[in-house]
Amino acid sequence: MNILLTAAIILLVCVISSKVLYKFGIPTLIIFLAIGMFMGSDGPGGIYFKDPILARDLCNIGLLFIIFSGGFGTSWETAKPVAFSAGILATLGVVLTAFAIGAFAHYILGFPWVHGMLLGSIVSSTDAAAVFSILRSKKLNLKNGLAPMLEMESGSNDPMAYMLTTIFLGIITGEAHNIWILLANQIVIGVLAGAIIGKLAVWLINHINLDIDGLYSIIAIAIVLLSYSSADLLSGNGFLAAYITGLIMGNSRIVHKISLVRFFDGVSWLMQIFLFFILGLLVFPSILRSIILPGVGTALFIIFIARPLAVFPILSLFKRTKEEKLLVSWVGFRGAASVVFATYPLTKGLMMADEIFNIVFFVGLLSVLIQGTLFIPIAKRLGLVEDGESVLRTFTDYSGEIYAELLEIKILENSSFAKKAIMDIDIPKDISFVLIRRMGRMITPRETTIIEAGDIIMMAGDPKALLQIEAEAIQIKK
């Protein structure tokens, strides 16, 4: 089959199926994985893909944009009250999880200690993308700042998992460096590179004044690549640099910000489709039978023991309730990062690389399927769903009480809005008048402001409501 036609069909199936899966609360990552297996060498698609080095390089690029997007879309104002606790979960929590899984792999699965720790490191970070896709689709939020905590934890814990993976992989292959120097370089250089490039990026985007709006997305892509490569060149953590750059850019005043946030939201989902598709291709179902018990056992251990062992003591320091600890423990999805890091042992040709990769497959599959499907029912049962609030408040493209779009309307002479004060115009409460342009002047709208024929008014609100208002605004007066 033509490769472009195949790619088109895969993307369309992934996107369209997401609408069906949303209704049942099942994360869409499952369909990405299933299609990869379907198209693989053991499936009807018959695509043979067994190049771990190419897979690693491609997956690194995908993970890079996912991590940047996580920082770019996180609202620091919302996340600030829970930033410290999220930071501890993203660092110490990752270490505790890795050691718990390493012990399980050693004592239960019979792995050598170092190989067990390598497995633990690979699956030690969380991926909350599926959680937020469910919350968005259901227009729900979580109480007590849990949503921004989970978003910030999942967006910032991949660098720690990457460092642990690098350390234990180096020990196994004999390429180990001084661990403390390596950690210091990775963190310090990563943070500095990310902060410097983030600040420079904000200045550049605000001052370059491009004539073509679409080029701002190209600049942003270049900034992502520059942030990662600069830190990596200096022996720092490129993923951490990308996250810091995204966090700074996303929480600064920059032109075309909303369009950039949505652009990277789409890119992030495309990269996740790509990563889980690659995972499906690399997995050979015919040889999975021998690894079913270790894979399922590891997945269940992470869900019910390793994640709670890391979460409960950390959140106890912050006086979180038992219900909150239970929910955060449950939201420990393993996703894109685990897929990427699982390719690293394959590139080194380690003896247990295939076994580790196949275990990661089961961990990702069961984590998303079990935890994702039951997430909303458990959150409601624990009483932690915020009534009437959307999770979109967590993101930087959020505005006011709704997920806002902008609409410009030119008021004609016979418009039903003409000669009326704003307070007398019947529109929903969550629709706002943002600006009025009248004969070249900009007017800040107030309730008593009279709308005149020839005015160009800008309104913000829900897209469907805005379309209805536009239809009403151009109606002829009776």
# chains A, B, ... in the order shown; residues from 1 in each chain; ligands from 1

call {"tool": "residues_around", "arguments": {"residues": "stretch 199-212 of chain A", "least_positions_apart": "2", "cutoff": "12 Å", "atoms": "only C-alpha atoms", "output": "PyMOL selection string"}}
result
chain A and resi 72+192-197+214-224+226-227+242+244-257+260

call {"tool": "select_by_dssp", "arguments": {"residues": "stretch 22-121 of chain A", "states": "alpha helix (DSSP H)", "output": "number ranges by chain"}}
result
A: 22-23, 29-39, 52-72, 76-79, 83-107, 113-121

call {"tool": "residues_around", "arguments": {"residues": "stretch 420-425 of chain A", "least_positions_apart": "6", "cutoff": "9 Å", "atoms": "only C-alpha atoms", "output": "number ranges by chain"}}
result
A: 433, 445-452

call {"tool": "residues_around", "arguments": {"residues": "A:Ala379", "least_positions_apart": "2", "cutoff": "12 Å", "atoms": "only C-alpha atoms", "output": "PyMOL selection string"}}
result
chain A and resi 131+134-135+140-143+146-147+323-331+371-377+381-387

call {"tool": "closest_atom_pairs", "arguments": {"of": "stretch 246-309 of chain A", "to": "stretch 104-113 of chain A", "cutoff": "10 Å", "atoms": "only C-alpha atoms", "output": "CSV"}}
result
residue,atom,partner,partner_atom,distance
A:Leu293,CA,A:Leu109,CA,9.6
A:Pro294,CA,A:Leu109,CA,6.6
A:Gly295,CA,A:Leu109,CA,9.8
A:Gly297,CA,A:Leu109,CA,9.1
A:Thr298,CA,A:Ala105,CA,7.8
A:Phe301,CA,A:Phe104,CA,8.0
A:Ile302,CA,A:Phe104,CA,9.5
A:Ala306,CA,A:Phe104,CA,9.1

call {"tool": "write_last_selection", "arguments": {"atoms": "C-alpha atoms", "output": "PDB file, in the first residue's frame"}}
result
ATOM      1  CA  LEU A 293       3.019 -13.203  33.231  1.00  0.00           C
ATOM      2  CA  PRO A 294       6.089 -10.981  33.910  1.00  0.00           C
ATOM      3  CA  GLY A 295       4.519  -8.150  31.891  1.00  0.00           C
ATOM      4  CA  GLY A 297       2.692  -8.797  36.960  1.00  0.00           C
ATOM      5  CA  THR A 298       4.952  -5.749  36.539  1.00  0.00           C
ATOM      6  CA  PHE A 301       2.757  -4.071  40.720  1.00  0.00           C
ATOM      7  CA  ILE A 302       3.312  -0.529  39.414  1.00  0.00           C
ATOM      8  CA  ALA A 306       5.032   0.969  43.361  1.00  0.00           C
TER       9      ALA A 306
END

call {"tool": "residues_around", "arguments": {"residues": "A:Leu164", "least_positions_apart": "6", "cutoff": "12 Å", "atoms": "only C-alpha atoms", "output": "JSON, numbers by chain"}}
result
{"A": [91, 92, 94, 95, 96, 97, 98, 99, 102, 114, 117, 118, 119, 120, 121, 122, 123, 124, 125, 157, 158, 170, 171, 176, 179, 180, 182, 183, 186, 237, 341]}

call {"tool": "closest_residue", "arguments": {"among": "A:Leu281, A:Ile16, A:Met149, A:Ile378", "to": "A:Phe84", "atoms": "only C-alpha atoms"}}
result
A:Met149

call {"tool": "closest_residue", "arguments": {"among": "A:Ile291, A:Leu89, A:Ala453, A:Val191", "to": "A:Met152", "atoms": "only C-alpha atoms"}}
result
A:Leu89

call {"tool": "residues_around", "arguments": {"residues": "A:Ala79", "least_positions_apart": "4", "cutoff": "8 Å", "atoms": "only C-alpha atoms", "output": "list of chain:residue names"}}
result
A:Thr74, A:Ser75, A:Ala83, A:Gly145, A:Pro148, A:Met149, A:Met152, A:Thr394

call {"tool": "write_last_selection", "arguments": {"atoms": "C-alpha atoms", "output": "compact mmCIF listing (two decimals), in the first residue's frame"}}
result
# COMPACT_ATOMS: atom_id res chain seq x y z
CA THR A 74 0.94 24.67 31.78
CA SER A 75 -0.28 27.79 33.54
CA ALA A 83 4.64 23.39 42.14
CA GLY A 145 -5.26 21.82 42.65
CA PRO A 148 -2.25 21.24 37.78
CA MET A 149 -0.23 19.06 40.16
CA MET A 152 3.20 19.58 36.18
CA THR A 394 -5.00 24.47 34.07
